[in-house]
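K.L.:
First the structure, which I've put down as structure tokens, then a few questions once you've had a look.
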Amino acid sequence: MERTFAIVKPDAFAAGHAGGIIAKIQESGLKLVAAKSLHLTEAQAKGFYFVHAERPFFGSLVTFMTEGPILAMVLEGENAIKRWRDLMGPTDATKAPKETLRGTYGTSIERNATHGSDAPETAAYEIGFFFSGLELA
Ligand code: UDP
Ligand code: MG
């Protein structure tokens, strides 16, 4: 069993797609272990994306991620990290297959509807960034 961290980003949350995305998670067989909605501050968004701090898109990404509420989730299942990345599709929503979440709900390389951890180490960091042990029983 593996856990991964997922976000419905501000674009998809504001457009009312959180429910549709949760439905896809449940159809896929991944278990929704924990979920909460929150509106990130600038400091929180910078902390979450610290690995990208030197990238040219960092400032714009932080602005996007703080523009409205998000839904933060922990998903569990065998190979959960890869399964969730496959459901999301590639980073650039304009190139993502139509059946993927990013292809369905995203509109650009930045405004791509969802986030997913890319490795066990990042999943552990990201889950701990948003959820306490008490919320993950
Ligand atoms: N991003 C962007 N421009 C880029 C690459 C990424 O705005 O050229 C944004 C996009 O929202 C992406 C996030 O930064 O989801 C994190 O980038 P990463 O390369 O980690 O992509 P992901 O793991 O989300 O597919
Ligand atoms: Mg990434």
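Residues are referred to by chain and number: the chain letter is A, B, ... according to the order shown in the structure tokens, the number counts from 1 in that chain, and ligands are numbered separately from 1 in the order shown.
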So which residues touch Tyr105 in chain A within 10 Å, counting only C-alpha atoms, skipping near sequence neighbours fewer than 5 positions away, as a PyMOL selection string?

P.N.:
chain A and resi 11-12+15+17+20-21+88+93+98-100+111-114

K.L.:
Taking N, CA, C and O atoms for each residue, export the selection above as an mmCIF file, in the first residue's frame.

P.N.:
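Final output, again_29.cif:
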data_model
loop_
_atom_site.group_PDB
_atom_site.id
_atom_site.type_symbol
_atom_site.label_atom_id
_atom_site.label_comp_id
_atom_site.auth_asym_id
_atom_site.auth_seq_id
_atom_site.Cartn_x
_atom_site.Cartn_y
_atom_site.Cartn_z
ATOM 1 N N ASP A 11 -8.130 26.676 -9.934
ATOM 2 C CA ASP A 11 -8.909 26.797 -11.176
ATOM 3 C C ASP A 11 -10.054 25.780 -11.199
ATOM 4 O O ASP A 11 -11.218 26.136 -11.425
ATOM 5 N N ALA A 12 -9.723 24.521 -10.898
ATOM 6 C CA ALA A 12 -10.741 23.469 -10.938
ATOM 7 C C ALA A 12 -11.715 23.577 -9.768
ATOM 8 O O ALA A 12 -12.915 23.312 -9.923
ATOM 9 N N ALA A 15 -14.216 26.321 -10.485
ATOM 10 C CA ALA A 15 -15.125 25.946 -11.576
ATOM 11 C C ALA A 15 -16.095 24.840 -11.158
ATOM 12 O O ALA A 15 -16.917 24.405 -11.983
ATOM 13 N N HIS A 17 -15.312 21.678 -10.079
ATOM 14 C CA HIS A 17 -14.949 20.342 -10.534
ATOM 15 C C HIS A 17 -14.434 19.414 -9.435
ATOM 16 O O HIS A 17 -14.023 18.286 -9.742
ATOM 17 N N GLY A 20 -16.427 16.113 -9.417
ATOM 18 C CA GLY A 20 -16.115 15.259 -10.563
ATOM 19 C C GLY A 20 -14.757 14.593 -10.411
ATOM 20 O O GLY A 20 -14.571 13.430 -10.804
ATOM 21 N N ILE A 21 -13.810 15.309 -9.842
ATOM 22 C CA ILE A 21 -12.467 14.753 -9.648
ATOM 23 C C ILE A 21 -12.500 13.674 -8.563
ATOM 24 O O ILE A 21 -11.896 12.603 -8.714
ATOM 25 N N MET A 88 -4.094 12.036 -13.728
ATOM 26 C CA MET A 88 -3.973 13.484 -13.978
ATOM 27 C C MET A 88 -3.566 13.771 -15.407
ATOM 28 O O MET A 88 -4.035 14.736 -16.001
ATOM 29 N N ALA A 93 -1.611 21.003 -19.667
ATOM 30 C CA ALA A 93 -3.004 20.600 -19.911
ATOM 31 C C ALA A 93 -3.382 20.684 -21.385
ATOM 32 O O ALA A 93 -4.254 19.934 -21.844
ATOM 33 N N LYS A 98 -7.457 13.872 -23.632
ATOM 34 C CA LYS A 98 -8.769 14.375 -23.206
ATOM 35 C C LYS A 98 -9.360 13.583 -22.041
ATOM 36 O O LYS A 98 -10.134 14.110 -21.243
ATOM 37 N N GLU A 99 -9.012 12.278 -21.955
ATOM 38 C CA GLU A 99 -9.601 11.460 -20.891
ATOM 39 C C GLU A 99 -8.917 11.668 -19.540
ATOM 40 O O GLU A 99 -9.403 11.175 -18.522
ATOM 41 N N THR A 100 -7.797 12.399 -19.511
ATOM 42 C CA THR A 100 -7.133 12.642 -18.230
ATOM 43 C C THR A 100 -7.776 13.845 -17.527
ATOM 44 O O THR A 100 -8.475 14.647 -18.149
ATOM 45 N N ARG A 111 -2.275 26.357 -15.327
ATOM 46 C CA ARG A 111 -3.626 26.147 -14.784
ATOM 47 C C ARG A 111 -4.085 24.754 -15.222
ATOM 48 O O ARG A 111 -4.894 24.596 -16.141
ATOM 49 N N ASN A 112 -3.539 23.764 -14.486
ATOM 50 C CA ASN A 112 -3.717 22.379 -14.906
ATOM 51 C C ASN A 112 -4.539 21.538 -13.930
ATOM 52 O O ASN A 112 -4.424 20.314 -13.905
ATOM 53 N N ALA A 113 -5.344 22.197 -13.122
ATOM 54 C CA ALA A 113 -6.450 21.559 -12.381
ATOM 55 C C ALA A 113 -6.069 20.698 -11.171
ATOM 56 O O ALA A 113 -6.816 20.670 -10.195
ATOM 57 N N THR A 114 -4.968 19.972 -11.271
ATOM 58 C CA THR A 114 -4.639 19.041 -10.184
ATOM 59 C C THR A 114 -3.136 18.992 -9.928
ATOM 60 O O THR A 114 -2.326 19.281 -10.806
#

K.L.:
Compute the set of protein, DNA and RNA residues whose minimum atom distance to ligand 2 is at most 10 Å, using only C-alpha atoms and all ligand atoms, and state it as a list in words.

P.N.:
Tyr49, Val51, His52, Arg85, Thr91, His115, Gly116, Ser117, Asp118, Ala119 and Thr122 of chain A

K.L.:
Write out as a PDB file with C-alpha atoms, in the first residue's frame the residues lying within 9 Å of Glu126 in chain A, counting only C-alpha atoms and excluding same-chain residues fewer than 6 positions away.

P.N.:
ATOM      1  CA  THR A   4       0.135  10.017  -2.322  1.00  0.00           C
ATOM      2  CA  PHE A   5      -0.819  13.652  -1.979  1.00  0.00           C
ATOM      3  CA  ALA A   6      -3.268  15.319  -4.356  1.00  0.00           C
ATOM      4  CA  PHE A  48       4.814  23.801  -0.633  1.00  0.00           C
ATOM      5  CA  SER A 117       3.305  13.855  -5.742  1.00  0.00           C
TER       6      SER A 117
END

K.L.:
Have a look at CA of Glu135 in chain A and CA of Glu76 in chain A and let me know their distance in Å, one decimal.

P.N.:
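Separation between CA of Glu135 in chain A and CA of Glu76 in chain A: 14.0 Å.
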
K.L.:
Name all residues at most 12 Å from Gln44 in chain A (count only C-alpha atoms; drop same-chain ones fewer than 5 positions away) and give them as an NGL selection string.

P.N.:
:A and (38-39 or 49-50 or 62-63 or 65-66 or 126 or 129-130)

K.L.:
Okay, now the selection with all heavy atoms, as a short mmCIF file (atom, residue, chain, number, x, y, z; two decimals), in the first residue's frame?

P.N.:
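And here's result04.cif as it stands now:
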data_model
loop_
_atom_site.label_atom_id
_atom_site.label_comp_id
_atom_site.auth_asym_id
_atom_site.auth_seq_id
_atom_site.Cartn_x
_atom_site.Cartn_y
_atom_site.Cartn_z
N LEU A 38 -8.91 24.49 1.83
CA LEU A 38 -8.28 25.64 2.45
C LEU A 38 -7.81 26.62 1.38
O LEU A 38 -7.70 26.25 0.21
CB LEU A 38 -7.12 25.24 3.36
CG LEU A 38 -5.84 24.70 2.73
CD1 LEU A 38 -4.71 24.76 3.74
CD2 LEU A 38 -6.00 23.27 2.25
N HIS A 39 -7.59 27.85 1.81
CA HIS A 39 -7.10 28.90 0.90
C HIS A 39 -5.66 29.19 1.32
O HIS A 39 -5.42 29.76 2.39
CB HIS A 39 -8.00 30.13 1.03
CG HIS A 39 -7.75 31.17 -0.02
ND1 HIS A 39 -8.72 32.02 -0.46
CD2 HIS A 39 -6.62 31.48 -0.71
CE1 HIS A 39 -8.20 32.83 -1.40
NE2 HIS A 39 -6.93 32.51 -1.54
N TYR A 49 5.86 24.63 -2.68
CA TYR A 49 6.55 24.51 -3.96
C TYR A 49 8.02 24.94 -3.88
O TYR A 49 8.59 25.35 -4.89
CB TYR A 49 5.83 25.35 -5.01
CG TYR A 49 4.64 24.65 -5.66
CD1 TYR A 49 3.36 25.20 -5.63
CD2 TYR A 49 4.81 23.44 -6.35
CE1 TYR A 49 2.28 24.57 -6.24
CE2 TYR A 49 3.74 22.81 -6.97
CZ TYR A 49 2.48 23.38 -6.91
OH TYR A 49 1.43 22.75 -7.54
N PHE A 50 8.65 24.81 -2.70
CA PHE A 50 10.01 25.33 -2.53
C PHE A 50 11.00 24.74 -3.55
O PHE A 50 11.95 25.41 -3.93
CB PHE A 50 10.52 25.11 -1.10
CG PHE A 50 11.02 23.71 -0.83
CD1 PHE A 50 12.38 23.41 -0.93
CD2 PHE A 50 10.14 22.70 -0.51
CE1 PHE A 50 12.85 22.12 -0.71
CE2 PHE A 50 10.60 21.40 -0.29
CZ PHE A 50 11.95 21.10 -0.40
N VAL A 62 2.81 30.69 -7.68
CA VAL A 62 2.37 31.04 -6.31
C VAL A 62 1.12 31.92 -6.38
O VAL A 62 0.18 31.73 -5.60
CB VAL A 62 3.52 31.71 -5.53
CG1 VAL A 62 3.02 32.33 -4.23
CG2 VAL A 62 4.64 30.69 -5.25
N THR A 63 1.09 32.87 -7.30
CA THR A 63 -0.10 33.71 -7.46
C THR A 63 -1.32 32.85 -7.80
O THR A 63 -2.40 33.02 -7.22
CB THR A 63 0.13 34.75 -8.57
OG1 THR A 63 1.22 35.58 -8.18
CG2 THR A 63 -1.11 35.62 -8.79
N MET A 65 -1.77 29.61 -7.19
CA MET A 65 -2.15 28.68 -6.12
C MET A 65 -2.78 29.38 -4.92
O MET A 65 -3.36 28.71 -4.05
CB MET A 65 -0.93 27.86 -5.69
CG MET A 65 -0.45 26.85 -6.74
SD MET A 65 -1.71 25.61 -7.21
CE MET A 65 -1.84 24.67 -5.69
N THR A 66 -2.66 30.72 -4.87
CA THR A 66 -3.25 31.47 -3.76
C THR A 66 -4.49 32.25 -4.21
O THR A 66 -5.04 33.02 -3.43
CB THR A 66 -2.22 32.45 -3.16
OG1 THR A 66 -1.73 33.32 -4.20
CG2 THR A 66 -1.05 31.71 -2.53
N GLU A 126 4.83 16.16 1.30
CA GLU A 126 3.62 16.92 0.97
C GLU A 126 2.44 16.52 1.87
O GLU A 126 1.65 17.38 2.29
CB GLU A 126 3.27 16.71 -0.51
CG GLU A 126 4.32 17.37 -1.41
CD GLU A 126 4.14 17.05 -2.89
OE1 GLU A 126 3.21 16.31 -3.27
OE2 GLU A 126 4.96 17.57 -3.69
N PHE A 129 3.03 18.19 5.09
CA PHE A 129 2.87 19.64 4.99
C PHE A 129 1.42 20.03 5.26
O PHE A 129 1.14 21.06 5.86
CB PHE A 129 3.29 20.10 3.59
CG PHE A 129 3.42 21.58 3.41
CD1 PHE A 129 4.63 22.22 3.63
CD2 PHE A 129 2.33 22.34 3.02
CE1 PHE A 129 4.75 23.59 3.47
CE2 PHE A 129 2.44 23.71 2.85
CZ PHE A 129 3.65 24.34 3.09
N PHE A 130 0.48 19.20 4.82
CA PHE A 130 -0.94 19.54 4.90
C PHE A 130 -1.72 18.82 5.99
O PHE A 130 -2.76 19.32 6.43
CB PHE A 130 -1.62 19.26 3.55
CG PHE A 130 -1.41 20.34 2.54
CD1 PHE A 130 -0.34 20.31 1.67
CD2 PHE A 130 -2.30 21.42 2.47
CE1 PHE A 130 -0.14 21.32 0.73
CE2 PHE A 130 -2.11 22.43 1.54
CZ PHE A 130 -1.03 22.38 0.67
#

K.L.:
For a test of reading the model, state the distance in Å between CA of Leu71 in chain A and CA of Ala34 in chain A, rounded to one decimal.

P.N.:
10.3 Å

K.L.:
Of the candidates A:Gly128, A:Gly106, A:Pro90, A:Gly133, which shows the shortest atom-to-atom distance to ligand 1, using only C-alpha atoms and all ligand atoms?

P.N.:
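Result for the nearest residue to ligand 1: A:Pro90.
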
K.L.:
Excluding same-chain residues fewer than 2 positions from Ile25 in chain A, what lies within 12 Å of it counting only C-alpha atoms, as a PyMOL selection string?

P.N.:
chain A and resi 6-8+18-23+27-33+73-77+80+83-88+100-101+114

K.L.:
For ligand 1, which residue out of A:Ser60, A:Ser132, A:Ser37, A:Asn79 is the nearest one, using only C-alpha atoms and all ligand atoms?

P.N.:
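Looking only at the distances to ligand 1, the closest residue turns out to be A:Ser60.
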
K.L.:
Run DSSP on the backbone and tell me which residues of range 46-96 of chain A come out as helix (DSSP H, G or I); list them as a PyMOL selection string.

P.N.:
chain A and resi 46-48+50-52+58-65+80-88

K.L.:
Any chance you could export the current selection's N, CA and C atoms as an mmCIF file, in the first residue's frame?

P.N.:
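Result file follows (again10.cif):
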data_model
loop_
_atom_site.group_PDB
_atom_site.id
_atom_site.type_symbol
_atom_site.label_atom_id
_atom_site.label_comp_id
_atom_site.auth_asym_id
_atom_site.auth_seq_id
_atom_site.Cartn_x
_atom_site.Cartn_y
_atom_site.Cartn_z
ATOM 1 N N LYS A 46 4.525 29.135 -1.224
ATOM 2 C CA LYS A 46 5.979 29.127 -1.463
ATOM 3 C C LYS A 46 6.633 27.947 -0.758
ATOM 4 N N GLY A 47 6.186 27.631 0.440
ATOM 5 C CA GLY A 47 6.748 26.496 1.177
ATOM 6 C C GLY A 47 6.439 25.176 0.491
ATOM 7 N N PHE A 48 5.216 25.041 0.030
ATOM 8 C CA PHE A 48 4.814 23.801 -0.633
ATOM 9 C C PHE A 48 5.627 23.569 -1.903
ATOM 10 N N PHE A 50 8.650 24.814 -2.697
ATOM 11 C CA PHE A 50 10.015 25.332 -2.529
ATOM 12 C C PHE A 50 10.998 24.745 -3.546
ATOM 13 N N VAL A 51 10.766 23.496 -4.003
ATOM 14 C CA VAL A 51 11.705 22.898 -4.977
ATOM 15 C C VAL A 51 11.729 23.676 -6.288
ATOM 16 N N HIS A 52 10.682 24.454 -6.551
ATOM 17 C CA HIS A 52 10.617 25.216 -7.800
ATOM 18 C C HIS A 52 11.003 26.685 -7.617
ATOM 19 N N PHE A 58 7.898 30.387 -11.018
ATOM 20 C CA PHE A 58 7.571 30.260 -9.595
ATOM 21 C C PHE A 58 6.606 31.348 -9.104
ATOM 22 N N GLY A 59 6.889 32.608 -9.439
ATOM 23 C CA GLY A 59 6.051 33.704 -8.953
ATOM 24 C C GLY A 59 4.621 33.581 -9.449
ATOM 25 N N SER A 60 4.485 33.275 -10.718
ATOM 26 C CA SER A 60 3.159 33.113 -11.305
ATOM 27 C C SER A 60 2.432 31.906 -10.697
ATOM 28 N N LEU A 61 3.180 30.828 -10.466
ATOM 29 C CA LEU A 61 2.587 29.631 -9.858
ATOM 30 C C LEU A 61 2.054 29.935 -8.459
ATOM 31 N N VAL A 62 2.814 30.692 -7.676
ATOM 32 C CA VAL A 62 2.375 31.040 -6.315
ATOM 33 C C VAL A 62 1.123 31.918 -6.379
ATOM 34 N N THR A 63 1.093 32.871 -7.299
ATOM 35 C CA THR A 63 -0.098 33.712 -7.463
ATOM 36 C C THR A 63 -1.323 32.850 -7.797
ATOM 37 N N PHE A 64 -1.128 31.924 -8.725
ATOM 38 C CA PHE A 64 -2.225 31.018 -9.108
ATOM 39 C C PHE A 64 -2.693 30.185 -7.918
ATOM 40 N N MET A 65 -1.772 29.607 -7.188
ATOM 41 C CA MET A 65 -2.148 28.677 -6.123
ATOM 42 C C MET A 65 -2.779 29.377 -4.918
ATOM 43 N N ALA A 80 -0.129 4.000 -5.668
ATOM 44 C CA ALA A 80 -0.996 5.184 -5.682
ATOM 45 C C ALA A 80 -0.336 6.382 -6.364
ATOM 46 N N ILE A 81 0.986 6.531 -6.177
ATOM 47 C CA ILE A 81 1.664 7.700 -6.743
ATOM 48 C C ILE A 81 1.556 7.691 -8.267
ATOM 49 N N LYS A 82 1.913 6.562 -8.888
ATOM 50 C CA LYS A 82 1.863 6.481 -10.350
ATOM 51 C C LYS A 82 0.422 6.474 -10.855
ATOM 52 N N ARG A 83 -0.460 5.772 -10.152
ATOM 53 C CA ARG A 83 -1.854 5.719 -10.626
ATOM 54 C C ARG A 83 -2.474 7.113 -10.652
ATOM 55 N N TRP A 84 -2.178 7.909 -9.612
ATOM 56 C CA TRP A 84 -2.747 9.267 -9.585
ATOM 57 C C TRP A 84 -2.104 10.145 -10.654
ATOM 58 N N ARG A 85 -0.782 10.007 -10.870
ATOM 59 C CA ARG A 85 -0.132 10.783 -11.934
ATOM 60 C C ARG A 85 -0.731 10.400 -13.301
ATOM 61 N N ASP A 86 -1.002 9.113 -13.495
ATOM 62 C CA ASP A 86 -1.593 8.674 -14.773
ATOM 63 C C ASP A 86 -3.006 9.235 -14.957
ATOM 64 N N LEU A 87 -3.780 9.262 -13.868
ATOM 65 C CA LEU A 87 -5.136 9.841 -13.961
ATOM 66 C C LEU A 87 -5.076 11.328 -14.298
ATOM 67 N N MET A 88 -4.094 12.036 -13.728
ATOM 68 C CA MET A 88 -3.973 13.484 -13.978
ATOM 69 C C MET A 88 -3.566 13.771 -15.407
#

K.L.:
Counting only C-alpha atoms and all ligand atoms, figure out which residue out of A:Arg3, A:Ala123, A:Gly16, A:Phe131 gets nearest to ligand 1.

P.N.:
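Smallest distance to ligand 1 is found for A:Ala123.
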
K.L.:
For each of A:Lys95, A:Lys9, A:Lys24, A:Lys36, take the minimum atom-to-atom distance to ligand 1, counting only C-alpha atoms and all ligand atoms, then give the residue where this is smallest.

P.N.:
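Checking each of A:Lys95, A:Lys9, A:Lys24, A:Lys36 against ligand 1, counting only C-alpha atoms and all ligand atoms, the winner is A:Lys9.
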
K.L.:
Could you pull out the residues in range 28-96 of chain A that DSSP calls strand (DSSP E or B) from the backbone, as JSON, numbers by chain?

P.N.:
{"A": [31, 32, 33, 34, 35, 36, 37, 38, 70, 71, 72, 73, 74, 75, 76, 77]}

K.L.:
Which residues, written as a PyMOL selection string, have at least one atom at most 7 Å from Thr94 in chain A, with only C-alpha atoms counted and residues fewer than 5 positions away on the same chain left out?

P.N.:
chain A and resi 103+107-109

K.L.:
Looking at A:Glu78, A:Glu110, A:Met1, A:Ala43, which one is nearest to ligand 1, with distances taken over only C-alpha atoms and all ligand atoms?

P.N.:
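Between A:Glu78, A:Glu110, A:Met1, A:Ala43, the residue approaching ligand 1 most closely is A:Glu110.
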
K.L.:
Rank nothing, just name the residue among A:Phe13, A:Ala35, A:Phe57, A:Pro69 nearest to ligand 1, using only C-alpha atoms and all ligand atoms.

P.N.:
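With only C-alpha atoms and all ligand atoms as the atom set, the closest residue is A:Phe57.
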
K.L.:
What does the structure give for the distance between atom 8 (O, counted along the ligand's line) of ligand 1 and CA of Pro120 in chain A, in Å to one decimal?

P.N.:
22.6 Å
